[in-house]
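Structure file start.cif; described as mmCIF, C-alpha atoms; chains and numbers go by the auth columns.
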```
data_target
#
loop_
_atom_site.group_PDB
_atom_site.id
_atom_site.type_symbol
_atom_site.label_atom_id
_atom_site.label_comp_id
_atom_site.label_asym_id
_atom_site.label_seq_id
_atom_site.Cartn_x
_atom_site.Cartn_y
_atom_site.Cartn_z
_atom_site.B_iso_or_equiv
_atom_site.auth_seq_id
_atom_site.auth_asym_id
ATOM 1 C CA MET A 1 -30.364 78.620 219.459 0.00 818 K
ATOM 2 C CA SER A 2 -27.193 77.363 217.740 0.00 819 K
ATOM 3 C CA TYR A 3 -24.356 79.429 216.257 0.00 820 K
ATOM 4 C CA ASN A 4 -25.232 78.620 212.644 0.00 821 K
ATOM 5 C CA LYS A 5 -28.898 79.411 213.129 0.00 822 K
ATOM 6 C CA THR A 6 -28.059 82.668 214.878 0.00 823 K
ATOM 7 C CA VAL A 7 -25.270 84.028 212.679 0.00 824 K
ATOM 8 C CA TYR A 8 -25.909 82.310 209.342 0.00 825 K
ATOM 9 C CA ASN A 9 -29.608 82.388 208.619 0.00 826 K
ATOM 10 C CA SER A 10 -31.420 83.709 205.574 0.00 827 K
ATOM 11 C CA GLN A 11 -32.730 86.760 207.427 0.00 828 K
ATOM 12 C CA ARG A 12 -29.430 87.953 208.894 0.00 829 K
ATOM 13 C CA THR A 13 -27.148 86.847 206.081 0.00 830 K
ATOM 14 C CA PRO A 14 -29.191 86.296 202.910 0.00 831 K
ATOM 15 C CA LYS A 15 -27.761 83.915 200.343 0.00 832 K
ATOM 16 C CA THR A 16 -26.042 85.459 197.325 0.00 833 K
ATOM 17 C CA LYS A 17 -24.267 84.262 194.183 0.00 834 K
ATOM 18 C CA TYR A 18 -20.882 85.046 195.712 0.00 835 K
ATOM 19 C CA PRO A 19 -20.050 81.464 196.832 0.00 836 K
ATOM 20 C CA GLU A 20 -20.548 80.156 193.282 0.00 837 K
ATOM 21 C CA ILE A 21 -18.437 82.979 191.805 0.00 838 K
ATOM 22 C CA PHE A 22 -15.731 82.448 194.417 0.00 839 K
ATOM 23 C CA CYS A 23 -15.626 78.685 193.807 0.00 840 K
ATOM 24 C CA ARG A 24 -15.172 79.306 190.076 0.00 841 K
ATOM 25 C CA TYR A 25 -12.267 81.603 190.887 0.00 842 K
ATOM 26 C CA ILE A 26 -10.648 79.034 193.191 0.00 843 K
ATOM 27 C CA VAL A 27 -11.046 76.159 190.710 0.00 844 K
ATOM 28 C CA LYS A 28 -9.607 78.214 187.854 0.00 845 K
ATOM 29 C CA ASN A 29 -6.887 80.010 189.830 0.00 846 K
ATOM 30 C CA PHE A 30 -5.521 76.850 191.462 0.00 847 K
ATOM 31 C CA GLY A 31 -6.219 74.443 188.594 0.00 848 K
ATOM 32 C CA LEU A 32 -8.490 72.124 190.563 0.00 849 K
ATOM 33 C CA LYS A 33 -9.549 69.103 188.539 0.00 850 K
ATOM 34 C CA LYS A 34 -13.028 67.669 188.107 0.00 851 K
ATOM 35 C CA ASN A 35 -13.820 64.514 190.064 0.00 852 K
ATOM 36 C CA SER A 36 -11.285 65.424 192.757 0.00 853 K
ATOM 37 C CA ASN A 37 -12.369 64.626 196.306 0.00 854 K
ATOM 38 C CA ILE A 38 -12.776 67.893 198.214 0.00 855 K
ATOM 39 C CA LEU A 39 -13.749 68.400 201.846 0.00 856 K
ATOM 40 C CA ASP A 40 -15.336 71.643 203.023 0.00 857 K
ATOM 41 C CA VAL A 41 -14.407 72.016 206.701 0.00 858 K
ATOM 42 C CA GLY A 42 -16.879 74.105 208.681 0.00 859 K
ATOM 43 C CA SER A 43 -19.273 74.177 205.753 0.00 860 K
ATOM 44 C CA GLY A 44 -22.121 76.049 207.482 0.00 861 K
ATOM 45 C CA ARG A 45 -24.987 76.365 205.019 0.00 862 K
ATOM 46 C CA GLY A 46 -22.961 74.462 202.435 0.00 863 K
ATOM 47 C CA GLU A 47 -22.940 77.230 199.852 0.00 864 K
ATOM 48 C CA PHE A 48 -19.279 76.775 198.950 0.00 865 K
ATOM 49 C CA ALA A 49 -19.587 72.999 198.977 0.00 866 K
ATOM 50 C CA GLU A 50 -22.506 73.314 196.585 0.00 867 K
ATOM 51 C CA GLY A 51 -20.441 75.610 194.368 0.00 868 K
ATOM 52 C CA PHE A 52 -17.584 73.117 194.160 0.00 869 K
ATOM 53 C CA SER A 53 -20.010 70.280 193.493 0.00 870 K
ATOM 54 C CA PHE A 54 -21.631 72.222 190.638 0.00 871 K
ATOM 55 C CA LEU A 55 -18.169 72.579 189.090 0.00 872 K
ATOM 56 C CA GLY A 56 -17.671 68.827 189.022 0.00 873 K
ATOM 57 C CA LEU A 57 -15.752 68.091 192.233 0.00 874 K
ATOM 58 C CA ASN A 58 -16.733 65.228 194.538 0.00 875 K
ATOM 59 C CA THR A 59 -17.717 67.318 197.533 0.00 876 K
ATOM 60 C CA PHE A 60 -17.997 66.344 201.202 0.00 877 K
ATOM 61 C CA GLU A 61 -18.850 68.515 204.205 0.00 878 K
ATOM 62 C CA ILE A 62 -18.206 68.565 207.924 0.00 879 K
ATOM 63 C CA ASP A 63 -19.404 70.981 210.588 0.00 880 K
ATOM 64 C CA ILE A 64 -20.145 70.928 214.286 0.00 881 K
ATOM 65 C CA GLU A 65 -23.867 70.916 213.517 0.00 882 K
ATOM 66 C CA GLU A 66 -26.294 70.311 210.688 0.00 883 K
ATOM 67 C CA ASN A 67 -27.804 73.337 208.950 0.00 884 K
ATOM 68 C CA ASP A 68 -31.389 73.263 207.716 0.00 885 K
ATOM 69 C CA GLU A 69 -30.475 75.360 204.653 0.00 886 K
ATOM 70 C CA ARG A 70 -27.735 72.997 203.466 0.00 887 K
ATOM 71 C CA ASN A 71 -28.154 71.005 200.237 0.00 888 K
ATOM 72 C CA LYS A 72 -29.013 67.571 201.635 0.00 889 K
ATOM 73 C CA ASP A 73 -27.825 65.839 198.451 0.00 890 K
ATOM 74 C CA LEU A 74 -24.195 66.431 199.420 0.00 891 K
ATOM 75 C CA PRO A 75 -22.495 64.057 201.902 0.00 892 K
ATOM 76 C CA PHE A 76 -22.285 65.616 205.372 0.00 893 K
ATOM 77 C CA LYS A 77 -20.875 64.439 208.701 0.00 894 K
ATOM 78 C CA LYS A 78 -21.045 66.133 212.074 0.00 895 K
ATOM 79 C CA CYS A 79 -17.631 66.800 213.568 0.00 896 K
ATOM 80 C CA ASP A 80 -16.513 68.793 216.583 0.00 897 K
ATOM 81 C CA LEU A 81 -12.907 69.577 215.686 0.00 898 K
ATOM 82 C CA LEU A 82 -12.048 70.306 219.313 0.00 899 K
ATOM 83 C CA LYS A 83 -12.922 66.757 220.318 0.00 900 K
ATOM 84 C CA ASP A 84 -13.133 64.608 217.193 0.00 901 K
ATOM 85 C CA ASP A 85 -10.899 63.459 214.397 0.00 902 K
ATOM 86 C CA ILE A 86 -12.195 64.225 210.914 0.00 903 K
ATOM 87 C CA PRO A 87 -14.441 61.208 210.147 0.00 904 K
ATOM 88 C CA PHE A 88 -12.839 60.071 206.889 0.00 905 K
ATOM 89 C CA GLU A 89 -9.954 57.783 205.994 0.00 906 K
ATOM 90 C CA ASP A 90 -6.432 59.200 206.135 0.00 907 K
ATOM 91 C CA ASN A 91 -4.980 60.311 202.772 0.00 908 K
ATOM 92 C CA PHE A 92 -8.466 60.410 201.225 0.00 909 K
ATOM 93 C CA PHE A 93 -8.865 63.955 199.928 0.00 910 K
ATOM 94 C CA ASP A 94 -7.243 65.686 196.979 0.00 911 K
ATOM 95 C CA ILE A 95 -8.315 69.069 198.344 0.00 912 K
ATOM 96 C CA ILE A 96 -9.402 70.387 201.723 0.00 913 K
ATOM 97 C CA PHE A 97 -11.057 73.804 201.807 0.00 914 K
ATOM 98 C CA HIS A 98 -11.717 75.883 204.905 0.00 915 K
ATOM 99 C CA LYS A 99 -13.122 79.399 205.041 0.00 916 K
ATOM 100 C CA SER A 100 -13.431 81.409 208.271 0.00 917 K
ATOM 101 C CA VAL A 101 -12.569 78.394 210.414 0.00 918 K
ATOM 102 C CA LEU A 102 -9.065 78.631 211.916 0.00 919 K
ATOM 103 C CA GLU A 103 -9.748 81.906 213.714 0.00 920 K
ATOM 104 C CA HIS A 104 -12.384 80.147 215.851 0.00 921 K
ATOM 105 C CA PHE A 105 -9.773 77.996 217.643 0.00 922 K
ATOM 106 C CA THR A 106 -7.190 78.735 220.312 0.00 923 K
ATOM 107 C CA ASP A 107 -4.991 75.980 218.849 0.00 924 K
ATOM 108 C CA PRO A 108 -5.149 76.322 215.044 0.00 925 K
ATOM 109 C CA GLU A 109 -2.071 74.087 214.723 0.00 926 K
ATOM 110 C CA MET A 110 -4.169 71.162 215.947 0.00 927 K
ATOM 111 C CA ILE A 111 -6.816 71.869 213.308 0.00 928 K
ATOM 112 C CA ILE A 112 -4.191 72.031 210.559 0.00 929 K
ATOM 113 C CA ASP A 113 -2.789 68.690 211.759 0.00 930 K
ATOM 114 C CA LYS A 114 -6.211 67.077 211.551 0.00 931 K
ATOM 115 C CA MET A 115 -6.810 68.370 208.035 0.00 932 K
ATOM 116 C CA LYS A 116 -3.332 67.439 206.823 0.00 933 K
ATOM 117 C CA LEU A 117 -3.825 63.843 207.988 0.00 934 K
ATOM 118 C CA LYS A 118 -6.798 63.461 205.620 0.00 935 K
ATOM 119 C CA LEU A 119 -5.001 64.901 202.575 0.00 936 K
ATOM 120 C CA LYS A 120 -3.316 62.645 200.056 0.00 937 K
ATOM 121 C CA PRO A 121 0.419 63.213 199.525 0.00 938 K
ATOM 122 C CA GLY A 122 0.509 66.130 197.099 0.00 939 K
ATOM 123 C CA GLY A 123 -2.997 67.113 198.172 0.00 940 K
ATOM 124 C CA VAL A 124 -3.945 70.754 198.418 0.00 941 K
ATOM 125 C CA LEU A 125 -5.039 72.778 201.450 0.00 942 K
ATOM 126 C CA ILE A 126 -6.880 75.985 200.538 0.00 943 K
ATOM 127 C CA GLY A 127 -8.067 78.312 203.268 0.00 944 K
ATOM 128 C CA MET A 128 -9.263 81.781 204.135 0.00 945 K
ATOM 129 C CA VAL A 129 -9.142 83.701 207.399 0.00 946 K
ATOM 130 C CA PRO A 130 -9.893 87.346 208.274 0.00 947 K
ATOM 131 C CA ASP A 131 -6.963 89.715 207.926 0.00 948 K
ATOM 132 C CA TRP A 132 -6.275 91.114 211.395 0.00 949 K
ATOM 133 C CA GLU A 133 -4.661 94.316 210.089 0.00 950 K
ATOM 134 C CA THR A 134 -7.869 95.411 208.368 0.00 951 K
ATOM 135 C CA GLN A 135 -10.450 93.698 210.582 0.00 952 K
ATOM 136 C CA TYR A 136 -9.143 94.330 214.087 0.00 953 K
ATOM 137 C CA LYS A 137 -12.026 96.723 214.799 0.00 954 K
ATOM 138 C CA THR A 138 -14.654 94.132 213.870 0.00 955 K
ATOM 139 C CA PHE A 139 -12.885 90.817 214.499 0.00 956 K
ATOM 140 C CA TYR A 140 -14.482 90.264 217.892 0.00 957 K
ATOM 141 C CA HIS A 141 -17.973 91.120 216.727 0.00 958 K
ATOM 142 C CA ASP A 142 -18.110 87.333 216.493 0.00 959 K
ATOM 143 C CA HIS A 143 -17.778 86.157 220.081 0.00 960 K
ATOM 144 C CA THR A 144 -16.460 82.755 218.946 0.00 961 K
ATOM 145 C CA HIS A 145 -13.331 84.245 217.364 0.00 962 K
ATOM 146 C CA ARG A 146 -10.197 83.200 219.230 0.00 963 K
ATOM 147 C CA THR A 147 -7.026 83.573 217.118 0.00 964 K
ATOM 148 C CA PRO A 148 -6.333 86.496 214.767 0.00 965 K
ATOM 149 C CA PHE A 149 -4.062 86.015 211.760 0.00 966 K
ATOM 150 C CA MET A 150 -1.824 88.154 209.610 0.00 967 K
ATOM 151 C CA ARG A 151 -0.392 87.035 206.291 0.00 968 K
ATOM 152 C CA GLU A 152 2.992 86.304 207.833 0.00 969 K
ATOM 153 C CA SER A 153 1.620 84.282 210.744 0.00 970 K
ATOM 154 C CA LEU A 154 -0.510 82.053 208.506 0.00 971 K
ATOM 155 C CA GLU A 155 2.414 81.501 206.145 0.00 972 K
ATOM 156 C CA ASP A 156 4.661 80.564 209.074 0.00 973 K
ATOM 157 C CA LEU A 157 2.054 78.125 210.388 0.00 974 K
ATOM 158 C CA LEU A 158 1.972 76.291 207.059 0.00 975 K
ATOM 159 C CA LYS A 159 5.773 76.205 206.928 0.00 976 K
ATOM 160 C CA ILE A 160 5.960 74.802 210.451 0.00 977 K
ATOM 161 C CA LYS A 161 3.543 72.063 209.382 0.00 978 K
ATOM 162 C CA ASN A 162 5.879 71.135 206.502 0.00 979 K
ATOM 163 C CA PHE A 163 3.643 72.043 203.598 0.00 980 K
ATOM 164 C CA LYS A 164 5.261 72.916 200.275 0.00 981 K
ATOM 165 C CA LYS A 165 4.471 75.351 197.436 0.00 982 K
ATOM 166 C CA ILE A 166 2.947 77.732 199.973 0.00 983 K
ATOM 167 C CA ASN A 167 1.237 80.830 198.610 0.00 984 K
ATOM 168 C CA VAL A 168 -0.405 83.246 201.058 0.00 985 K
ATOM 169 C CA LYS A 169 -1.849 86.552 199.917 0.00 986 K
ATOM 170 C CA ILE A 170 -4.250 89.305 200.881 0.00 987 K
ATOM 171 C CA PHE A 171 -7.615 88.801 199.194 0.00 988 K
ATOM 172 C CA ARG A 172 -10.526 91.131 198.480 0.00 989 K
ATOM 173 C CA GLN A 173 -14.007 89.622 198.427 0.00 990 K
ATOM 174 C CA LEU A 174 -15.002 91.737 195.435 0.00 991 K
ATOM 175 C CA PRO A 175 -15.211 89.646 192.243 0.00 992 K
ATOM 176 C CA SER A 176 -15.090 92.760 190.086 0.00 993 K
ATOM 177 C CA VAL A 177 -11.487 93.463 191.134 0.00 994 K
ATOM 178 C CA TRP A 178 -10.049 89.972 190.618 0.00 995 K
ATOM 179 C CA ASN A 179 -9.252 90.512 186.946 0.00 996 K
ATOM 180 C CA ASN A 180 -9.512 94.272 186.663 0.00 997 K
ATOM 181 C CA LYS A 181 -6.435 96.304 187.627 0.00 998 K
ATOM 182 C CA PHE A 182 -8.286 99.619 187.544 0.00 999 K
ATOM 183 C CA LEU A 183 -11.009 98.424 189.928 0.00 1000 K
ATOM 184 C CA MET A 184 -8.373 96.846 192.149 0.00 1001 K
ATOM 185 C CA TYR A 185 -6.609 100.205 192.335 0.00 1002 K
ATOM 186 C CA LEU A 186 -9.946 101.915 193.078 0.00 1003 K
ATOM 187 C CA SER A 187 -10.624 99.447 195.884 0.00 1004 K
ATOM 188 C CA ILE A 188 -7.198 100.126 197.374 0.00 1005 K
ATOM 189 C CA MET A 189 -7.860 103.864 197.232 0.00 1006 K
ATOM 190 C CA THR A 190 -11.224 103.275 198.938 0.00 1007 K
ATOM 191 C CA GLN A 191 -9.459 101.330 201.676 0.00 1008 K
ATOM 192 C CA ILE A 192 -6.834 104.023 202.258 0.00 1009 K
ATOM 193 C CA PHE A 193 -8.743 107.266 201.914 0.00 1010 K
ATOM 194 C CA LEU A 194 -12.353 106.644 202.863 0.00 1011 K
ATOM 195 C CA PRO A 195 -12.987 107.165 206.587 0.00 1012 K
ATOM 196 C CA ASP A 196 -13.846 104.208 208.824 0.00 1013 K
ATOM 197 C CA LEU A 197 -17.444 105.174 209.453 0.00 1014 K
ATOM 198 C CA LYS A 198 -19.757 102.343 210.442 0.00 1015 K
ATOM 199 C CA ILE A 199 -22.604 103.776 208.364 0.00 1016 K
ATOM 200 C CA LEU A 200 -20.503 103.371 205.208 0.00 1017 K
ATOM 201 C CA TYR A 201 -19.979 99.647 205.783 0.00 1018 K
ATOM 202 C CA LYS A 202 -23.521 98.869 204.613 0.00 1019 K
ATOM 203 C CA PHE A 203 -22.156 99.349 201.088 0.00 1020 K
ATOM 204 C CA LYS A 204 -20.479 96.108 199.970 0.00 1021 K
ATOM 205 C CA TRP A 205 -17.854 97.905 197.894 0.00 1022 K
ATOM 206 C CA ILE A 206 -16.702 99.907 200.905 0.00 1023 K
ATOM 207 C CA ARG A 207 -16.928 97.078 203.425 0.00 1024 K
ATOM 208 C CA PHE A 208 -14.987 94.564 201.364 0.00 1025 K
ATOM 209 C CA SER A 209 -12.454 97.148 200.243 0.00 1026 K
ATOM 210 C CA LYS A 210 -11.631 97.703 203.902 0.00 1027 K
ATOM 211 C CA GLU A 211 -12.225 94.286 205.496 0.00 1028 K
ATOM 212 C CA LEU A 212 -9.773 92.000 203.728 0.00 1029 K
ATOM 213 C CA MET A 213 -9.168 88.272 203.940 0.00 1030 K
ATOM 214 C CA ILE A 214 -6.056 86.116 203.758 0.00 1031 K
ATOM 215 C CA LEU A 215 -6.148 83.387 201.105 0.00 1032 K
ATOM 216 C CA SER A 216 -3.712 80.489 201.420 0.00 1033 K
ATOM 217 C CA TYR A 217 -2.656 77.594 199.218 0.00 1034 K
ATOM 218 C CA ALA A 218 -0.323 74.811 200.281 0.00 1035 K
ATOM 219 C CA GLU A 219 0.495 71.256 199.239 0.00 1036 K
ATOM 220 C CA LYS A 220 1.133 68.275 201.486 0.00 1037 K
ATOM 221 C CA GLN A 221 4.638 66.821 201.205 0.00 1038 K
#
```
File written out as structure tokens:
Amino acid sequence: MSYNKTVYNSQRTPKTKYPEIFCRYIVKNFGLKKNSNILDVGSGRGEFAEGFSFLGLNTFEIDIEENDERNKDLPFKKCDLLKDDIPFEDNFFDIIFHKSVLEHFTDPEMIIDKMKLKLKPGGVLIGMVPDWETQYKTFYHDHTHRTPFMRESLEDLLKIKNFKKINVKIFRQLPSVWNNKFLMYLSIMTQIFLPDLKILYKFKWIRFSKELMILSYAEKQ
């Protein structure tokens, strides 16, 4: 059985409204324009691609394998990033989005190079990776994880690759805290003071207060 069918199936990881909510946040927070060409790298079930498409972006997907739960109306191409170039013209995309992708490679610089090649000058690279500082106990629960990141290391990688207007920050996957300072403070207190007991991680508030992500934005020169 394949990775996607094992790790990302409706029984193990049921679909939620989070991808749509997150895409709205990304579009608004980074001022993404309708009718922009956006590529979702490592799209999996295509939930984020579908969210961007619903918001009016021209959405394309690539992944190492097809997923039966993906919206088949969106353009998809198979691509093994270890072996293949991204199968689109150079300088084609206004935006490239990747979530939980870079940490699966021993050479993330190569993956960044491949994505950068397909961005237009001034195009935007938006990505998310697990935050090693808060996920080091669970990072290798996924046997395909290879390279951990911290905020500083991801920022340095983007600088080395000559991106501009780089913004890298710690991100909590709790929509309720994004625009609410009190709930953000409460989440931080949960992270600091609640014990790291596995039984508590079944509660989304606790899990995503403790397991943080790193969100990055950068523009191609």
- Message: Can you measure atom CA of K:Glu950 to atom CA of K:Ala866 for me? One decimal in Å is fine.
- Response: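 It comes out at 28.3 Å.
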- Name the closest residue to K:Tyr835 among the candidates K:Lys1021, K:Lys978, K:Lys900, K:Lys998; distances are taken between atoms, counting all atoms listed in the file.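 Smallest separation from K:Tyr835 among the options: K:Lys1021.
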- Message: Take the PyMOL selection byres ((chain K and resi 931) around 12), run it mentally on this structure, and tell me the resulting residues as a ChimeraX atom specification.
- Response: /K:858,896-908,913,919,924-930,932-936,942,978
- Let me know the residues the PyMOL selection byres ((chain K and resi 892) around 8) catches in the file above, as a VMD selection string. chain K and resid 876 to 878 889 to 891 893 to 894
- Message: Using only C-alpha atoms, which protein or nucleic acid residues come within 12 Å of K:Ser853? Drop anything in the same chain fewer than 6 positions from it, and give the result as number ranges by chain.
- Response: K: 844, 869-870, 872-877, 909-913, 936-937, 940-941
Residues near K:Ile987, cut-off 9 Å, all atoms listed in the file, skip fewer than 4 positions along chain, as a compact mmCIF listing (two decimals) with C-alpha atoms, keeping the file's coordinate frame:
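Written out: out-v8.txt:
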```
# COMPACT_ATOMS: atom_id res chain seq x y z
CA ASP K 948 -6.96 89.72 207.93
CA ARG K 968 -0.39 87.04 206.29
CA LEU K 1029 -9.77 92.00 203.73
CA MET K 1030 -9.17 88.27 203.94
CA ILE K 1031 -6.06 86.12 203.76
CA LEU K 1032 -6.15 83.39 201.10
CA SER K 1033 -3.71 80.49 201.42
```
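Applied to this file, the PyMOL selection byres ((chain K and resi 886) around 8) selects Arg862, Gly863, Asn884, Asp885, Arg887 and Asn888 of chain K.
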- Message: Quick one: residues within 8 Å of stretch 1004-1008 of chain K, only C-alpha atoms, excluding same-chain residues fewer than 6 positions away - as a PyMOL selection string?
- Response: chain K and resi 994+1022-1023+1026-1027
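We find atom CA of K:Phe1025 and atom CA of K:Asp857 to be spaced 23.0 Å apart.
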- Item | Distance criterion (all atoms listed in the file): nearest to K:Glu1036 out of K:Lys1019, K:Lys834, K:Arg1024, K:Lys982 |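 Once distances to K:Glu1036 are computed over all atoms listed in the file, the minimum belongs to K:Lys982.
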- Which residues come within 12 Å of K:Tyr957, counting all atoms listed in the file, excluding same-chain residues fewer than 6 positions away, as a VMD selection string? chain K and resid 920 to 921 947 949 963 to 965
- Message: Between atom CA of K:Lys1037 and atom CA of K:Val946, what distance in Å does the model show, to one decimal?
- Response: 19.5 Å
- Compare K:Val824, K:Lys976, K:Glu882, K:Leu1000 by their minimum atom-to-atom distance to K:His960, counting all atoms listed in the file, and give me the closest one.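 Of the candidates, the smallest distance to K:His960 is held by K:Val824.
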- Query: Which residue out of K:Thr830, K:Asn997, K:Ser860, K:Ser970 has the minimum interatomic distance to K:Val985 when only C-alpha atoms are used?
  - Reply: K:Ser970
Using all atoms listed in the file, which residues sit within 7 Å of K:His915 once same-chain residues fewer than 3 positions away are excluded, as a CSV table (one decimal) with C-alpha atoms, keeping the file's coordinate frame?
```csv
chain,number,residue,atom,x,y,z
K,857,ASP,CA,-15.3,71.6,203.0
K,858,VAL,CA,-14.4,72.0,206.7
K,859,GLY,CA,-16.9,74.1,208.7
K,918,VAL,CA,-12.6,78.4,210.4
K,943,ILE,CA,-6.9,76.0,200.5
K,944,GLY,CA,-8.1,78.3,203.3
K,945,MET,CA,-9.3,81.8,204.1
```
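Distances from K:Tyr842, K:Arg829, K:Phe865, K:Glu837 to K:Trp995 were compared using all atoms listed in the file, and the smallest one belongs to K:Tyr842.
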- Pick from K:Glu883, K:Glu867, K:Glu1028, K:Glu969, whichever lies nearest to K:Phe956 using all atoms listed in the file: K:Glu1028
